[in-house]
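Coordinates as given in structure32.txt (compact mmCIF, C-alpha atoms):
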# COMPACT_ATOMS: atom_id res chain seq x y z
CA MET A 244 -24.68 -11.14 17.59
CA LYS A 245 -23.60 -9.52 14.34
CA ASP A 246 -20.82 -10.12 11.84
CA LEU A 247 -18.64 -7.26 10.65
CA ILE A 248 -16.14 -7.01 7.81
CA VAL A 249 -13.08 -5.17 9.12
CA PHE A 250 -11.02 -3.22 6.60
CA SER A 251 -8.14 -0.78 6.76
CA VAL A 252 -7.68 2.60 5.10
CA GLY A 253 -4.37 4.26 5.80
CA SER A 254 -3.53 3.62 9.45
CA SER A 255 -7.19 3.37 10.56
CA ARG A 256 -9.56 0.44 10.69
CA TYR A 257 -13.28 0.44 9.97
CA ALA A 258 -16.01 -2.17 10.06
CA LEU A 259 -19.20 -2.73 8.07
CA ASP A 260 -22.14 -4.98 8.87
CA ILE A 261 -21.81 -8.01 6.62
CA GLU A 262 -25.56 -7.84 5.88
CA ASN A 263 -24.96 -4.73 3.77
CA ILE A 264 -22.15 -6.33 1.77
CA GLN A 265 -22.83 -8.38 -1.35
CA ARG A 266 -19.28 -9.25 -2.36
CA ILE A 267 -15.63 -8.29 -1.95
CA ILE A 268 -13.65 -8.26 -5.19
CA GLN A 269 -10.35 -7.11 -6.63
CA VAL A 270 -10.20 -3.60 -8.09
CA PHE A 271 -10.08 -3.58 -11.89
CA ASP A 272 -10.22 -0.99 -14.64
CA MET A 273 -13.25 1.26 -14.47
CA SER A 274 -14.73 3.98 -16.64
CA GLU A 275 -14.57 7.64 -15.72
CA ILE A 276 -17.75 9.64 -15.13
CA PRO A 277 -17.59 13.19 -16.54
CA ASN A 278 -18.25 15.87 -13.90
CA ALA A 279 -18.67 13.23 -11.19
CA HIS A 280 -18.50 14.05 -7.49
CA LYS A 281 -14.91 14.23 -6.22
CA PHE A 282 -15.43 11.13 -4.04
CA ILE A 283 -16.39 8.95 -7.03
CA ASP A 284 -13.53 7.22 -8.86
CA GLY A 285 -15.64 5.94 -11.75
CA MET A 286 -18.18 3.32 -12.72
CA MET A 287 -18.04 -0.41 -13.41
CA SER A 288 -20.22 -3.28 -14.55
CA TYR A 289 -21.50 -5.54 -11.80
CA GLU A 290 -23.91 -8.43 -12.42
CA GLY A 291 -25.36 -6.78 -15.51
CA LYS A 292 -25.70 -3.36 -13.89
CA VAL A 293 -23.53 -0.26 -14.01
CA ILE A 294 -22.58 0.88 -10.50
CA LYS A 295 -20.45 3.73 -9.16
CA VAL A 296 -17.16 3.28 -7.31
CA VAL A 297 -16.65 5.44 -4.23
CA SER A 298 -13.20 6.06 -2.73
CA PHE A 299 -13.32 5.61 1.05
CA ARG A 300 -10.00 7.43 1.30
CA LYS A 301 -11.54 10.52 -0.27
CA ILE A 302 -14.58 10.34 2.02
CA ILE A 303 -12.38 10.53 5.13
CA GLY A 304 -10.01 13.11 3.65
CA LEU A 305 -6.88 11.03 3.00
CA LEU A 306 -4.56 11.13 0.02
CA THR A 307 -5.54 8.65 -2.66
CA TYR A 308 -3.64 5.37 -2.58
CA ASP A 309 -1.64 6.22 -5.70
CA GLU A 310 -0.69 9.66 -4.30
CA GLU A 311 0.50 7.96 -1.11
CA LEU A 312 2.50 5.42 -3.11
CA VAL A 313 4.27 8.16 -5.08
CA GLN A 314 5.30 9.78 -1.78
CA LEU A 315 6.46 6.41 -0.45
CA PHE A 316 8.51 5.60 -3.54
CA ASP A 317 10.13 9.03 -3.49
CA LYS A 318 11.08 8.48 0.15
CA LEU A 319 12.50 5.02 -0.65
CA LYS A 320 14.59 6.36 -3.52
CA LYS A 321 16.16 8.96 -1.23
CA ALA A 322 16.76 6.32 1.46
CA HIS A 323 18.60 4.10 -1.03
CA GLN A 324 20.70 7.00 -2.29
CA ALA A 325 21.71 7.62 1.34
CA TRP A 326 22.43 3.87 1.71
CA VAL A 327 24.82 3.90 -1.27
CA ASP A 328 26.45 7.15 -0.12
CA GLU A 329 27.19 5.73 3.33
CA LEU A 330 28.44 2.48 1.83
CA GLU A 331 30.93 4.43 -0.32
CA ILE A 332 32.15 6.45 2.67
CA SER A 333 32.54 3.28 4.75
CA ILE A 334 34.56 1.52 2.07
CA LYS A 335 36.80 4.44 1.12
CA ASN A 336 37.27 6.03 4.56
CA GLY A 337 37.00 3.02 6.82
CA SER A 338 34.03 4.32 8.86
CA LYS A 339 31.48 1.90 10.25
CA PHE A 340 28.49 1.14 7.99
CA THR A 341 25.37 1.60 10.15
CA ARG A 342 22.54 0.85 7.75
CA GLU A 343 20.58 -2.34 7.12
CA LEU A 344 22.25 -5.04 4.99
CA ASP A 345 19.33 -7.48 4.92
CA PRO A 346 17.19 -6.67 1.84
CA ASN A 347 14.11 -8.02 3.62
CA LYS A 348 14.42 -5.69 6.62
CA CYS A 349 14.68 -2.26 5.00
CA GLU A 350 11.45 -0.35 4.35
CA LEU A 351 11.38 -1.19 0.63
CA GLY A 352 12.11 -4.85 1.34
CA LYS A 353 9.25 -5.07 3.83
CA TRP A 354 6.91 -3.39 1.34
CA LEU A 355 7.96 -5.75 -1.46
CA ASN A 356 7.49 -8.82 0.75
CA ALA A 357 3.93 -7.72 1.54
CA PHE A 358 3.12 -6.88 -2.09
CA ASN A 359 0.75 -9.13 -4.04
CA SER A 360 -0.66 -8.32 -7.47
CA TYR A 361 -2.94 -10.20 -9.85
CA ASP A 362 -1.84 -8.00 -12.76
CA ASP A 363 0.73 -9.76 -14.96
CA GLU A 364 2.34 -6.53 -16.15
CA ILE A 365 2.74 -5.24 -12.60
CA GLY A 366 3.99 -8.66 -11.53
CA LYS A 367 6.85 -8.52 -14.05
CA THR A 368 7.86 -5.02 -12.92
CA PHE A 369 7.72 -6.21 -9.30
CA LYS A 370 9.97 -9.19 -10.04
CA ARG A 371 12.62 -7.00 -11.67
CA LEU A 372 12.52 -4.52 -8.77
CA TYR A 373 12.69 -7.31 -6.19
CA GLU A 374 15.72 -8.95 -7.83
CA ASN A 375 17.64 -5.68 -8.34
CA HIS A 376 16.95 -4.53 -4.78
CA LYS A 377 18.06 -7.89 -3.37
CA ASN A 378 21.18 -7.84 -5.56
CA LEU A 379 22.08 -4.33 -4.35
CA TYR A 380 22.06 -5.35 -0.69
CA ILE A 381 23.83 -8.69 -1.21
CA THR A 382 26.55 -7.05 -3.32
CA GLY A 383 27.03 -4.31 -0.73
CA ALA A 384 27.33 -6.87 2.07
CA ASN A 385 29.89 -8.89 0.08
CA ILE A 386 31.97 -5.78 -0.62
CA LEU A 387 32.05 -4.98 3.10
CA LYS A 388 33.33 -8.51 3.75
CA THR A 389 36.03 -8.01 1.12
CA LEU A 390 36.94 -4.72 2.84
CA GLN A 391 38.05 -6.62 5.95
CA ASP A 392 40.97 -8.16 4.03
CA ASP A 393 41.55 -6.01 0.95
CA LYS A 394 40.49 -2.35 0.86
CA GLU A 395 41.74 -1.78 -2.69
CA LYS A 396 39.76 -4.71 -4.04
CA ALA A 397 36.64 -3.59 -2.13
CA ILE A 398 36.87 -0.11 -3.67
CA GLU A 399 37.32 -1.69 -7.11
CA GLU A 400 34.24 -3.90 -6.63
CA PHE A 401 32.22 -0.94 -5.38
CA ASN A 402 33.14 1.23 -8.38
CA LYS A 403 32.52 -1.63 -10.78
CA SER A 404 29.08 -2.79 -9.63
CA ILE A 405 27.21 -0.84 -6.95
CA TYR A 406 26.11 2.19 -8.95
CA ASP A 407 25.01 0.06 -11.92
CA ILE A 408 22.79 -2.05 -9.64
CA PHE A 409 21.59 1.04 -7.78
CA TYR A 410 20.49 2.80 -10.97
CA GLN A 411 18.74 -0.36 -12.18
CA THR A 412 16.85 -0.50 -8.88
CA MET A 413 15.88 3.17 -9.10
CA ASN A 414 14.72 2.68 -12.71
CA GLU A 415 12.44 -0.15 -11.60
CA ILE A 416 10.99 2.06 -8.85
CA ASP A 417 10.35 4.68 -11.54
CA SER A 418 8.57 1.98 -13.58
CA PHE A 419 6.31 1.38 -10.58
CA ILE A 420 5.63 5.11 -10.32
CA ALA A 421 4.76 5.25 -14.03
CA LYS A 422 2.15 2.54 -13.43
CA VAL A 423 1.11 3.76 -10.00
CA ASP A 424 -2.61 3.72 -10.78
CA LYS A 425 -2.42 0.04 -11.72
CA VAL A 426 -0.20 -0.71 -8.73
CA ALA A 427 -2.72 0.98 -6.40
CA ASN A 428 -5.65 -0.87 -7.95
CA SER A 429 -3.83 -4.20 -7.69
CA LEU A 430 -3.45 -3.67 -3.94
CA GLN A 431 -6.92 -2.35 -3.07
CA LYS A 432 -10.27 -4.09 -2.76
CA LEU A 433 -13.84 -3.23 -3.72
CA VAL A 434 -16.63 -3.82 -1.24
CA ILE A 435 -19.94 -4.15 -3.07
CA TYR A 436 -22.24 -2.33 -0.68
CA GLU A 437 -25.99 -1.79 -0.49
CA SER A 438 -27.47 1.24 1.26
CA ASN A 439 -30.96 2.75 0.98
CA ASN A 440 -31.71 0.53 -2.05
CA ASN A 441 -28.54 1.76 -3.78
CA ILE A 442 -25.79 -0.64 -4.77
CA PHE A 443 -22.29 0.74 -5.27
CA ALA A 444 -18.66 -0.24 -4.75
CA VAL A 445 -16.51 1.16 -1.95
CA LYS A 446 -12.76 1.13 -2.61
CA VAL A 447 -10.72 0.29 0.50
CA ASP A 448 -7.05 -0.50 1.13
CA LYS A 449 -7.23 -3.97 2.63
CA ILE A 450 -9.69 -6.46 4.08
CA GLU A 451 -8.44 -7.35 7.54
CA ASP A 452 -10.85 -9.73 9.24
CA ILE A 453 -14.40 -10.83 10.02
CA ALA A 454 -15.45 -9.88 13.56
CA HIS A 455 -18.28 -11.60 15.44
CA ILE A 456 -19.57 -9.22 18.09
CA GLU A 457 -22.49 -8.42 20.36
CA ASP A 458 -24.29 -5.10 19.87
CA ASN A 459 -23.24 -3.89 23.32
CA GLU A 460 -19.55 -4.22 22.42
CA VAL A 461 -19.78 -1.10 20.24
CA MET A 462 -18.98 1.94 22.39
CA ASN A 463 -20.20 5.46 21.77
CA ASN A 464 -17.64 7.81 20.30
CA ASP A 465 -17.67 11.32 21.75
CA GLU A 466 -16.03 12.75 18.63
CA ASP A 467 -18.38 13.77 15.82
CA ASN A 468 -16.79 12.25 12.73
CA ASN A 469 -20.01 11.92 10.78
CA SER A 470 -20.61 13.57 7.41
CA ASP A 471 -23.22 13.57 4.67
CA PHE A 472 -21.59 10.46 3.24
CA LEU A 473 -20.44 8.54 6.31
CA GLU A 474 -22.29 7.85 9.58
CA LEU A 475 -20.50 6.01 12.37
CA LEU A 476 -22.22 3.81 14.92
CA GLY A 477 -19.39 3.88 17.45
CA VAL A 478 -16.03 2.31 18.26
CA LEU A 479 -15.13 -1.32 18.81
CA ASN A 480 -12.09 -2.49 20.77
CA LEU A 481 -10.96 -5.69 19.10
CA ASP A 482 -7.79 -7.22 20.55
CA ASP A 483 -6.68 -3.74 21.72
CA VAL A 484 -7.21 -2.27 18.24
CA LEU A 485 -9.80 0.50 17.94
CA ILE A 486 -12.16 0.02 15.00
CA ASN A 487 -14.66 2.56 13.76
CA VAL A 488 -17.98 0.81 13.23
CA ILE A 489 -19.91 2.24 10.30
CA LYS A 490 -23.65 2.66 10.46
CA THR A 491 -24.05 3.63 6.83
CA ILE A 492 -22.21 4.94 3.78
CA ASN A 493 -24.16 7.19 1.45
CA ILE A 494 -23.21 7.54 -2.18
CA PRO A 495 -22.57 11.10 -3.44
CA ILE A 496 -24.99 12.23 -6.14
As structure tokens, please, write out the structure in this file.
Amino acid sequence: MKDLIVFSVGSSRYALDIENIQRIIQVFDMSEIPNAHKFIDGMMSYEGKVIKVVSFRKIIGLLTYDEELVQLFDKLKKAHQAWVDELEISIKNGSKFTRELDPNKCELGKWLNAFNSYDDEIGKTFKRLYENHKNLYITGANILKTLQDDKEKAIEEFNKSIYDIFYQTMNEIDSFIAKVDKVANSLQKLVIYESNNNIFAVKVDKIEDIAHIEDNEVMNNDEDNNSDFLELLGVLNLDDVLINVIKTINIPI
């Protein structure tokens, strides 16, 4: 029997033997290392020692978390512009509005509901974005109700309020983008890892679970996904989710 820490990076899940893990902590500000290897994000103080921070995303060839967030926010801004455009057409031309009216069910709403930050500055930006986004959807839904009885009044309400709320919402998304490095750090975790007498931090997206398994539950993987910095032991099927079990992570020099 062994215990594994399961974590996610992008859409994939990985697992590390808990014996190699000292702690799991929140990401915080770190110092840059001049001319460091491209996989190393910086260095930090840990229990009186200076240790390096390795990006697991970079090891497996993914975009960094902040790069992915910028792409996501850009996509969400375009989706909300399309939402407002369709709302205007529906109100002025009488066509059916087909998009989501529940602020919790659109992609941005789902992301905001899952968001959790320990950074006070990011928390304030989040609160403003959450309230503006919610207000946009509620106002749009109310205008559509007004449209059922009074088209002229609905158009007046739309012209008076929707674009102001929309631009406020977009400005708050831009505020998130301006602080995207802090936003990314507030969402990720650091796994303090020991390998070959080296202690370093591995930055991952999210800690998912602790798995208790038998050695024979890890299946061989026919694909060769190993590299100089990552060696896989095999694949684990946990509740119909495939998890890559890591044998070792090596720190770049």
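Counting only C-alpha atoms and comparing A:Val426, A:Lys335, A:Phe316, A:Glu457, the residue that lies closest to Glu364 (chain A) is A:Val426.
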Practice task
Name the residues in contact with Lys490 (chain A) at a cut-off of 10 Å, using all atoms listed in the file, excluding same-chain residues fewer than 3 positions from it; report them as a count of residues only.
Solution key: 10
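Minimum distance to Trp354 (chain A) across A:Ala325, A:Leu315, A:Leu433, A:Leu379 (counting all atoms listed in the file) occurs at A:Leu315.
Residue nearest Ile496 (chain A), chosen from A:Ile261, A:Ile332, A:Ile267, A:Val297 and counting all atoms listed in the file: A:Val297.
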Taking all atoms of region 254-261 of chain A that the file lists and extending 5 Å past them on each side, where is the centre of the axis-aligned box and how long are its edges? Answer in Å to one decimal, as JSON.
{"center_x": -12.8, "center_y": -2.2, "center_z": 8.7, "size_x": 28.6, "size_y": 21.6, "size_z": 14.1}
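Shortest separation to Leu481 (chain A) among A:Pro495, A:Glu460, A:Leu312, A:Ile268 occurs at residue A:Glu460, atoms counted being all atoms listed in the file.
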Excluding region 405-407 of chain A and residues on its chain fewer than 2 positions from it, collect all residues at most 12 Å away from it, counting all atoms listed in the file, and give them as a compact mmCIF listing (two decimals) with C-alpha atoms, in the coordinates of the input.
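The result, written out as selection-v8.txt:
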# COMPACT_ATOMS: atom_id res chain seq x y z
CA HIS A 323 18.60 4.10 -1.03
CA GLN A 324 20.70 7.00 -2.29
CA TRP A 326 22.43 3.87 1.71
CA VAL A 327 24.82 3.90 -1.27
CA ASP A 328 26.45 7.15 -0.12
CA LEU A 330 28.44 2.48 1.83
CA GLU A 331 30.93 4.43 -0.32
CA ILE A 334 34.56 1.52 2.07
CA ASN A 375 17.64 -5.68 -8.34
CA HIS A 376 16.95 -4.53 -4.78
CA ASN A 378 21.18 -7.84 -5.56
CA LEU A 379 22.08 -4.33 -4.35
CA TYR A 380 22.06 -5.35 -0.69
CA ILE A 381 23.83 -8.69 -1.21
CA THR A 382 26.55 -7.05 -3.32
CA GLY A 383 27.03 -4.31 -0.73
CA ALA A 384 27.33 -6.87 2.07
CA ASN A 385 29.89 -8.89 0.08
CA ILE A 386 31.97 -5.78 -0.62
CA LEU A 387 32.05 -4.98 3.10
CA ALA A 397 36.64 -3.59 -2.13
CA ILE A 398 36.87 -0.11 -3.67
CA GLU A 399 37.32 -1.69 -7.11
CA GLU A 400 34.24 -3.90 -6.63
CA PHE A 401 32.22 -0.94 -5.38
CA ASN A 402 33.14 1.23 -8.38
CA LYS A 403 32.52 -1.63 -10.78
CA PHE A 409 21.59 1.04 -7.78
CA TYR A 410 20.49 2.80 -10.97
CA GLN A 411 18.74 -0.36 -12.18
CA THR A 412 16.85 -0.50 -8.88
CA MET A 413 15.88 3.17 -9.10
CA ASN A 414 14.72 2.68 -12.71
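Of note, CA of Asn336 (chain A) and CA of Asp393 (chain A) are spaced 13.3 Å apart.
The nearest approach to Tyr289 (chain A) among the residues A:Ser470, A:Asp309, A:Phe271, A:Ser255, with all atoms listed in the file taken into account, belongs to A:Phe271.
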For a quick check of your reading of the model, name the residues lying within 8 Å of the coordinate (-18.2, 5.2, -9.9), counting all atoms listed in the file, and write them as a PDB file with C-alpha atoms, keeping the file's coordinate frame.
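Ended up saving to result-v9.pdb:
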ATOM      1  CA  MET A 273     -13.250   1.260 -14.470  1.00  0.00           C
ATOM      2  CA  SER A 274     -14.730   3.980 -16.640  1.00  0.00           C
ATOM      3  CA  GLU A 275     -14.570   7.640 -15.720  1.00  0.00           C
ATOM      4  CA  ILE A 276     -17.750   9.640 -15.130  1.00  0.00           C
ATOM      5  CA  ILE A 283     -16.390   8.950  -7.030  1.00  0.00           C
ATOM      6  CA  ASP A 284     -13.530   7.220  -8.860  1.00  0.00           C
ATOM      7  CA  GLY A 285     -15.640   5.940 -11.750  1.00  0.00           C
ATOM      8  CA  MET A 286     -18.180   3.320 -12.720  1.00  0.00           C
ATOM      9  CA  MET A 287     -18.040  -0.410 -13.410  1.00  0.00           C
ATOM     10  CA  ILE A 294     -22.580   0.880 -10.500  1.00  0.00           C
ATOM     11  CA  LYS A 295     -20.450   3.730  -9.160  1.00  0.00           C
ATOM     12  CA  VAL A 296     -17.160   3.280  -7.310  1.00  0.00           C
ATOM     13  CA  VAL A 297     -16.650   5.440  -4.230  1.00  0.00           C
ATOM     14  CA  PHE A 443     -22.290   0.740  -5.270  1.00  0.00           C
ATOM     15  CA  ALA A 444     -18.660  -0.240  -4.750  1.00  0.00           C
TER      16      ALA A 444
END
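Residue nearest Ser418 (chain A) within the list A:Ala454, A:Leu479, A:Cys349, A:Val313: A:Val313 [criterion: smallest interatomic distance, only C-alpha atoms].
The gap separating CA of Asn263 (chain A) from CA of Asn278 (chain A) is 28.0 Å, in Å to one decimal.
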Students should find that CA of Asp458 (chain A) and CA of Tyr436 (chain A) are spaced 20.8 Å
